[in-house]
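Novice: Here it is, the structure, as structure tokens.
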Amino acid sequence: MKIAILGGTGDLGKGLALRWAKFHDIIIGSRDENRAKAFAEDYKKVAKKRYGDEMKGSIVGYDNFHAMKASEVIVLSIPHEGLIDFIRSLRPFITSDKIIISPVVPLDKDDKCYKYAPFSINDPQSPSSIIQASAAEVISFELGSKRIVSTFHTMPAKKLCNLNLDLDCDALMASDDVKAVKLVSDLISQIPNLRPIYAGPLEVSRLLEALTPILMNLICHNNIKEPSIKIV
Ligand SMILES: NC(=O)c1ccc[n+]([C@@H]2O[C@H](COP(=O)([O-])OP(=O)(O)OC[C@H]3O[C@@H](n4cnc5c(N)ncnc54)[C@H](OP(=O)(O)O)[C@@H]3O)[C@@H](O)[C@H]2O)c1
């Protein structure tokens, strides 16, 4: 399968690329094509060293638009700050068959703690009222697509990047599209000891994204490194 990781030059994108390259053709996307190619080369060396002849996939780099066009699955691995402008720039080129994965967590920090900072958007049902929406709902709204799966919010990039680490954690998912959930569950299951769990429709993404600031506050107040989540 061809998977584009837009913003794949960041930590989370690196982890996903290294894990999935064993089976899939990964296209690292960046705003700067040369940067994408350089990172892709680097990731490829790490993956080849780890998987050897077992590596069935590949890793290449393109600018975000080419990466997206060439792929069936697109991971939007970018910070929440630039999300809306970024999505709007992609909108004319994203076809409805693409499955979009959003790990995006909108958060804020003051001098006391991390906080969930959902987006404020006009409710499409009632344009006069503003509603709070998760990053994944904003993506769905802006693209006019239901094929969004919101997941990976509680998966620390450092753990994904360490290919010798046994993960032993869960990836909770929210989505309105049953087929997209099945496909993304299969992709998650290919990462050893990462278990996909469906948590509900896309609006549940507000709850899933809000788990990340909880974990960040745990890091600040306890001696816990890279906490993740497992449902027992
Ligand atoms: N890091 C984690 O452990 C972790 C865990 C769970 C979820 N997440 C979420 O996953 C997403 C990616 O995390 P990350 O830590 O990998 O992020 P990051 O390193 O801060 O950014 C990833 C990439 O996004 C691109 N980018 C930055 N600003 C942009 C903008 N305004 N428009 C378009 N692209 C932009 C940059 O790539 P180029 O400069 O090459 O274009 C950058 O390398 C975030 O939304 C984060 O909340 C992260």
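Letters A, B, ... go to the chains of the structure tokens in the order shown; residues in each chain start at 1; ligands are counted from 1 in the same order.
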For Lys44 in chain A, find every residue with an atom within 7 Å (counting only C-alpha atoms), except residues of its own chain fewer than 4 positions away, and show them as a list in words.
Specialist: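 The residues satisfying every condition are Ala40, Lys48 and Ile59 of chain A.
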Novice: List all protein, DNA and RNA residues that have at least one atom no more than 7 Å from any atom of ligand 1, counting only C-alpha atoms and all ligand atoms, and write them as JSON, numbers by chain.
Specialist: {"A": [7, 8, 9, 10, 11, 12, 13, 30, 31, 32, 35, 36, 77, 78, 79, 80, 81, 82, 83, 86, 103, 104, 105, 106, 152, 153, 154, 155, 156, 157, 158]}
Novice: Take the selection from the previous step and output its residues with C-alpha atoms, as an mmCIF file, in the first residue's frame.
Specialist:
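Okay, selection.cif is ready:
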```
data_model
loop_
_atom_site.group_PDB
_atom_site.id
_atom_site.type_symbol
_atom_site.label_atom_id
_atom_site.label_comp_id
_atom_site.auth_asym_id
_atom_site.auth_seq_id
_atom_site.Cartn_x
_atom_site.Cartn_y
_atom_site.Cartn_z
ATOM 1 C CA GLY A 7 5.004 16.465 7.702
ATOM 2 C CA GLY A 8 6.870 13.161 7.714
ATOM 3 C CA THR A 9 10.086 15.013 8.589
ATOM 4 C CA GLY A 10 8.817 15.338 12.186
ATOM 5 C CA ASP A 11 9.192 12.828 15.002
ATOM 6 C CA LEU A 12 5.844 11.074 14.708
ATOM 7 C CA GLY A 13 6.153 10.787 10.933
ATOM 8 C CA SER A 30 7.400 18.050 3.385
ATOM 9 C CA ARG A 31 6.848 21.660 2.370
ATOM 10 C CA ASP A 32 10.388 21.400 0.990
ATOM 11 C CA ARG A 35 14.178 18.143 2.869
ATOM 12 C CA ALA A 36 11.703 15.289 2.272
ATOM 13 C CA SER A 77 1.472 14.503 10.744
ATOM 14 C CA ILE A 78 1.727 18.262 11.209
ATOM 15 C CA PRO A 79 1.280 20.588 14.203
ATOM 16 C CA HIS A 80 -2.212 21.890 14.975
ATOM 17 C CA GLU A 81 -1.126 25.523 14.558
ATOM 18 C CA GLY A 82 -0.964 25.404 10.767
ATOM 19 C CA LEU A 83 -3.666 22.790 10.293
ATOM 20 C CA PHE A 86 -2.658 23.445 5.332
ATOM 21 C CA PRO A 103 -2.842 12.151 14.923
ATOM 22 C CA VAL A 104 -3.146 15.933 15.406
ATOM 23 C CA VAL A 105 -3.553 17.186 18.964
ATOM 24 C CA PRO A 106 -4.494 20.833 19.482
ATOM 25 C CA PHE A 152 -2.126 7.768 17.462
ATOM 26 C CA HIS A 153 -2.650 10.718 19.869
ATOM 27 C CA THR A 154 -1.250 8.768 22.822
ATOM 28 C CA MET A 155 1.582 7.108 20.903
ATOM 29 C CA PRO A 156 4.882 8.796 21.811
ATOM 30 C CA ALA A 157 7.018 9.273 18.695
ATOM 31 C CA LYS A 158 10.171 8.257 20.550
#
```
Novice: Dump as CSV the rows for residues of range 79-174 of chain A within 8 Å of range 18-26 of chain A: closest atom pair and distance in Å with one decimal, only C-alpha atoms counted, ordered by chain and rising residue number.
Specialist:
```
residue,atom,partner,partner_atom,distance
A:Leu160,CA,A:Arg19,CA,7.1
A:Cys161,CA,A:Leu18,CA,6.7
A:Leu163,CA,A:Arg19,CA,7.3
```
Novice: As an exercise, work out the distance from CA of Cys169 in chain A to CA of Ser228 in chain A in Å and give it to one decimal place.
Specialist: 6.6 Å
Novice: So which residues touch Ala67 in chain A within 9 Å, counting only C-alpha atoms, skipping near sequence neighbours fewer than 6 positions away, as an MDAnalysis selection string?
Specialist: chainID A and resid 3:6 27:30 61 74
Novice: Suppose we keep N, CA and C atoms; can you now write the selection as a PDB file, in the first residue's frame?
Specialist:
```
ATOM      1  N   ILE A   3       1.528   4.862   1.324  1.00  0.00           N
ATOM      2  CA  ILE A   3       1.123   5.704   2.452  1.00  0.00           C
ATOM      3  C   ILE A   3       1.940   6.990   2.423  1.00  0.00           C
ATOM      4  N   ALA A   4       1.253   8.127   2.324  1.00  0.00           N
ATOM      5  CA  ALA A   4       1.949   9.423   2.400  1.00  0.00           C
ATOM      6  C   ALA A   4       1.918   9.900   3.841  1.00  0.00           C
ATOM      7  N   ILE A   5       3.070  10.338   4.323  1.00  0.00           N
ATOM      8  CA  ILE A   5       3.107  10.935   5.659  1.00  0.00           C
ATOM      9  C   ILE A   5       3.480  12.403   5.460  1.00  0.00           C
ATOM     10  N   LEU A   6       2.463  13.262   5.475  1.00  0.00           N
ATOM     11  CA  LEU A   6       2.704  14.694   5.267  1.00  0.00           C
ATOM     12  C   LEU A   6       3.241  15.268   6.576  1.00  0.00           C
ATOM     13  N   ILE A  27       5.781   7.407   1.493  1.00  0.00           N
ATOM     14  CA  ILE A  27       6.207   8.649   0.845  1.00  0.00           C
ATOM     15  C   ILE A  27       6.228   9.744   1.911  1.00  0.00           C
ATOM     16  N   ILE A  28       7.435  10.203   2.212  1.00  0.00           N
ATOM     17  CA  ILE A  28       7.599  11.281   3.191  1.00  0.00           C
ATOM     18  C   ILE A  28       7.271  12.593   2.493  1.00  0.00           C
ATOM     19  N   GLY A  29       6.335  13.350   3.075  1.00  0.00           N
ATOM     20  CA  GLY A  29       5.977  14.658   2.517  1.00  0.00           C
ATOM     21  C   GLY A  29       6.544  15.773   3.370  1.00  0.00           C
ATOM     22  N   SER A  30       6.904  16.858   2.687  1.00  0.00           N
ATOM     23  CA  SER A  30       7.400  18.050   3.385  1.00  0.00           C
ATOM     24  C   SER A  30       7.013  19.256   2.547  1.00  0.00           C
ATOM     25  N   GLY A  61      10.935  10.490  -0.733  1.00  0.00           N
ATOM     26  CA  GLY A  61      10.476  11.801  -0.279  1.00  0.00           C
ATOM     27  C   GLY A  61      10.014  12.677  -1.430  1.00  0.00           C
ATOM     28  N   ILE A  74      -3.257   8.782   3.685  1.00  0.00           N
ATOM     29  CA  ILE A  74      -2.494  10.014   3.966  1.00  0.00           C
ATOM     30  C   ILE A  74      -2.515  10.291   5.467  1.00  0.00           C
TER      31      ILE A  74
END
```
Novice: Please return, as a PyMOL selection string, all residues of range 39-166 of chain A that DSSP assigns to strand (DSSP E) on the basis of the backbone.
Specialist: chain A and resi 58-63+73-76+99-102+107-109+114-116+119-123+126-133+148-150
Novice: I'd like the interatomic distance between CA of Ser205 in chain A and CA of Ser150 in chain A, to a tenth of an Å.
Specialist: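 Taking CA of Ser205 in chain A as the start and CA of Ser150 in chain A as the end point, the length is 6.2 Å.
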Novice: Quote the spacing between CA of Lys225 in chain A and CA of Ala17 in chain A in Å to one decimal place.
Specialist: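 CA of Lys225 in chain A sits 22.5 Å away from CA of Ala17 in chain A.
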Novice: Residues near Val178 in chain A, anyone? I mean within 12 Å using only C-alpha atoms, not counting same-chain ones fewer than 4 positions away, as a list in words.
Specialist: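 Surrounding residues, per the criterion: Ile99, Lys146, Arg147, Ile148, Val149, Met173, Ala174, Lys182, Leu183, Val184, Ser185, Tyr198, Gly200, Pro201 and Leu202 of chain A.
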Novice: With N, CA and C atoms retained, write the just-selected residues as a CSV table (one decimal), in the first residue's frame.
Specialist:
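As written to disk, again-v6.csv reads:
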```
chain,number,residue,atom,x,y,z
A,99,ILE,N,-7.9,7.8,2.2
A,99,ILE,CA,-8.2,7.7,3.6
A,99,ILE,C,-7.2,8.5,4.4
A,146,LYS,N,-15.7,11.9,4.9
A,146,LYS,CA,-16.0,11.1,6.1
A,146,LYS,C,-14.9,10.1,6.3
A,147,ARG,N,-14.0,10.0,5.4
A,147,ARG,CA,-12.9,8.9,5.5
A,147,ARG,C,-11.7,9.3,6.3
A,148,ILE,N,-12.1,9.8,7.5
A,148,ILE,CA,-11.0,10.3,8.4
A,148,ILE,C,-10.9,9.3,9.6
A,149,VAL,N,-9.8,8.9,9.9
A,149,VAL,CA,-9.6,8.1,11.2
A,149,VAL,C,-8.6,8.9,12.1
A,173,MET,N,-9.1,4.7,18.3
A,173,MET,CA,-9.5,5.3,17.0
A,173,MET,C,-10.9,5.8,17.1
A,174,ALA,N,-11.1,7.0,16.4
A,174,ALA,CA,-12.5,7.5,16.2
A,174,ALA,C,-12.7,7.8,14.7
A,182,LYS,N,-11.4,-0.3,9.3
A,182,LYS,CA,-10.9,-1.6,9.1
A,182,LYS,C,-9.5,-1.5,8.5
A,183,LEU,N,-9.3,-0.7,7.5
A,183,LEU,CA,-8.0,-0.6,6.9
A,183,LEU,C,-6.9,0.0,7.8
A,184,VAL,N,-7.3,1.0,8.6
A,184,VAL,CA,-6.3,1.6,9.5
A,184,VAL,C,-6.0,0.7,10.7
A,185,SER,N,-7.1,-0.1,11.1
A,185,SER,CA,-6.8,-1.1,12.1
A,185,SER,C,-5.8,-2.1,11.7
A,198,TYR,N,-11.4,0.5,18.4
A,198,TYR,CA,-12.3,1.5,17.9
A,198,TYR,C,-13.1,2.1,19.1
A,200,GLY,N,-15.3,4.9,18.8
A,200,GLY,CA,-16.6,5.5,18.4
A,200,GLY,C,-16.5,6.5,17.3
A,201,PRO,N,-17.6,7.2,17.0
A,201,PRO,CA,-17.7,8.1,15.8
A,201,PRO,C,-16.7,9.2,15.9
A,202,LEU,N,-16.5,10.0,14.8
A,202,LEU,CA,-15.5,11.0,14.8
A,202,LEU,C,-15.6,12.0,15.9
```
Novice: Set the distance at 6 Å and use only C-alpha atoms: which residues neighbour range 133-135 of chain A once local chain neighbours fewer than 5 positions away are removed? I'd like the list as JSON, numbers by chain.
Specialist: {"A": [118, 119, 206]}
Novice: Counting only C-alpha atoms, which residue out of A:Phe39, A:Leu76, A:Ile231, A:Arg50 sits closest to Tyr62 in chain A?
Specialist: A:Phe39
Novice: In range 19-110 of chain A, what's alpha helix (DSSP H) per DSSP? Answer as a ChimeraX atom specification?
Specialist: /A:19-20,33-51,64-69,83-90
Novice: Go ahead and save the residues from that selection, with N, CA and C atoms, as an mmCIF file, in the first residue's frame.
Specialist:
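The resulting part18.cif:
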```
data_model
loop_
_atom_site.group_PDB
_atom_site.id
_atom_site.type_symbol
_atom_site.label_atom_id
_atom_site.label_comp_id
_atom_site.auth_asym_id
_atom_site.auth_seq_id
_atom_site.Cartn_x
_atom_site.Cartn_y
_atom_site.Cartn_z
ATOM 1 N N ARG A 19 8.222 2.116 11.046
ATOM 2 C CA ARG A 19 7.436 0.916 11.374
ATOM 3 C C ARG A 19 6.760 0.331 10.145
ATOM 4 N N TRP A 20 6.164 1.192 9.303
ATOM 5 C CA TRP A 20 5.366 0.678 8.184
ATOM 6 C C TRP A 20 6.205 0.307 6.958
ATOM 7 N N GLU A 33 10.722 19.854 -0.846
ATOM 8 C CA GLU A 33 10.973 18.526 -1.426
ATOM 9 C C GLU A 33 12.388 18.002 -1.116
ATOM 10 N N ASN A 34 13.381 18.890 -1.149
ATOM 11 C CA ASN A 34 14.750 18.433 -0.864
ATOM 12 C C ASN A 34 14.868 17.897 0.555
ATOM 13 N N ARG A 35 14.181 18.586 1.471
ATOM 14 C CA ARG A 35 14.178 18.143 2.869
ATOM 15 C C ARG A 35 13.516 16.755 2.968
ATOM 16 N N ALA A 36 12.404 16.583 2.257
ATOM 17 C CA ALA A 36 11.703 15.289 2.272
ATOM 18 C C ALA A 36 12.623 14.178 1.768
ATOM 19 N N LYS A 37 13.342 14.463 0.685
ATOM 20 C CA LYS A 37 14.223 13.434 0.102
ATOM 21 C C LYS A 37 15.350 13.081 1.073
ATOM 22 N N ALA A 38 15.920 14.118 1.715
ATOM 23 C CA ALA A 38 17.038 13.871 2.648
ATOM 24 C C ALA A 38 16.559 13.038 3.846
ATOM 25 N N PHE A 39 15.400 13.382 4.400
ATOM 26 C CA PHE A 39 14.877 12.611 5.538
ATOM 27 C C PHE A 39 14.531 11.184 5.115
ATOM 28 N N ALA A 40 13.951 11.055 3.917
ATOM 29 C CA ALA A 40 13.561 9.722 3.438
ATOM 30 C C ALA A 40 14.799 8.819 3.303
ATOM 31 N N GLU A 41 15.884 9.392 2.769
ATOM 32 C CA GLU A 41 17.134 8.622 2.628
ATOM 33 C C GLU A 41 17.627 8.124 3.986
ATOM 34 N N ASP A 42 17.551 9.030 4.931
ATOM 35 C CA ASP A 42 17.987 8.727 6.287
ATOM 36 C C ASP A 42 17.133 7.595 6.904
ATOM 37 N N TYR A 43 15.827 7.732 6.784
ATOM 38 C CA TYR A 43 14.907 6.719 7.338
ATOM 39 C C TYR A 43 15.141 5.364 6.651
ATOM 40 N N LYS A 44 15.367 5.438 5.333
ATOM 41 C CA LYS A 44 15.556 4.187 4.565
ATOM 42 C C LYS A 44 16.760 3.411 5.097
ATOM 43 N N LYS A 45 17.831 4.147 5.397
ATOM 44 C CA LYS A 45 19.034 3.468 5.916
ATOM 45 C C LYS A 45 18.716 2.771 7.236
ATOM 46 N N VAL A 46 17.991 3.476 8.110
ATOM 47 C CA VAL A 46 17.659 2.894 9.431
ATOM 48 C C VAL A 46 16.770 1.654 9.241
ATOM 49 N N ALA A 47 15.767 1.783 8.377
ATOM 50 C CA ALA A 47 14.829 0.669 8.185
ATOM 51 C C ALA A 47 15.534 -0.536 7.553
ATOM 52 N N LYS A 48 16.378 -0.279 6.546
ATOM 53 C CA LYS A 48 17.087 -1.391 5.877
ATOM 54 C C LYS A 48 18.005 -2.103 6.847
ATOM 55 N N LYS A 49 18.662 -1.308 7.704
ATOM 56 C CA LYS A 49 19.568 -1.909 8.677
ATOM 57 C C LYS A 49 18.792 -2.825 9.627
ATOM 58 N N ARG A 50 17.590 -2.384 9.997
ATOM 59 C CA ARG A 50 16.796 -3.137 10.978
ATOM 60 C C ARG A 50 16.118 -4.364 10.346
ATOM 61 N N TYR A 51 15.534 -4.192 9.142
ATOM 62 C CA TYR A 51 14.711 -5.260 8.565
ATOM 63 C C TYR A 51 15.464 -6.146 7.574
ATOM 64 N N ASN A 64 4.720 17.822 -0.194
ATOM 65 C CA ASN A 64 3.467 17.295 0.357
ATOM 66 C C ASN A 64 2.423 16.983 -0.718
ATOM 67 N N PHE A 65 2.320 17.827 -1.736
ATOM 68 C CA PHE A 65 1.267 17.638 -2.740
ATOM 69 C C PHE A 65 1.506 16.370 -3.565
ATOM 70 N N HIS A 66 2.771 16.164 -3.987
ATOM 71 C CA HIS A 66 3.061 14.955 -4.773
ATOM 72 C C HIS A 66 2.918 13.712 -3.908
ATOM 73 N N ALA A 67 3.350 13.826 -2.668
ATOM 74 C CA ALA A 67 3.226 12.685 -1.756
ATOM 75 C C ALA A 67 1.764 12.287 -1.634
ATOM 76 N N MET A 68 0.924 13.274 -1.441
ATOM 77 C CA MET A 68 -0.502 13.027 -1.248
ATOM 78 C C MET A 68 -1.151 12.410 -2.494
ATOM 79 N N LYS A 69 -0.826 12.979 -3.659
ATOM 80 C CA LYS A 69 -1.453 12.509 -4.899
ATOM 81 C C LYS A 69 -1.105 11.056 -5.183
ATOM 82 N N LEU A 83 -2.810 23.836 10.877
ATOM 83 C CA LEU A 83 -3.666 22.790 10.293
ATOM 84 C C LEU A 83 -4.685 23.328 9.276
ATOM 85 N N ILE A 84 -5.439 24.358 9.655
ATOM 86 C CA ILE A 84 -6.551 24.770 8.781
ATOM 87 C C ILE A 84 -6.019 25.306 7.444
ATOM 88 N N ASP A 85 -5.007 26.150 7.493
ATOM 89 C CA ASP A 85 -4.446 26.666 6.234
ATOM 90 C C ASP A 85 -3.892 25.521 5.382
ATOM 91 N N PHE A 86 -3.254 24.573 6.054
ATOM 92 C CA PHE A 86 -2.658 23.445 5.332
ATOM 93 C C PHE A 86 -3.738 22.617 4.628
ATOM 94 N N ILE A 87 -4.801 22.306 5.366
ATOM 95 C CA ILE A 87 -5.893 21.510 4.790
ATOM 96 C C ILE A 87 -6.524 22.241 3.604
ATOM 97 N N ARG A 88 -6.709 23.544 3.770
ATOM 98 C CA ARG A 88 -7.325 24.307 2.672
ATOM 99 C C ARG A 88 -6.447 24.289 1.426
ATOM 100 N N SER A 89 -5.123 24.270 1.635
ATOM 101 C CA SER A 89 -4.233 24.229 0.468
ATOM 102 C C SER A 89 -4.277 22.865 -0.225
ATOM 103 N N LEU A 90 -4.590 21.825 0.547
ATOM 104 C CA LEU A 90 -4.649 20.473 -0.046
ATOM 105 C C LEU A 90 -6.004 20.191 -0.705
#
```
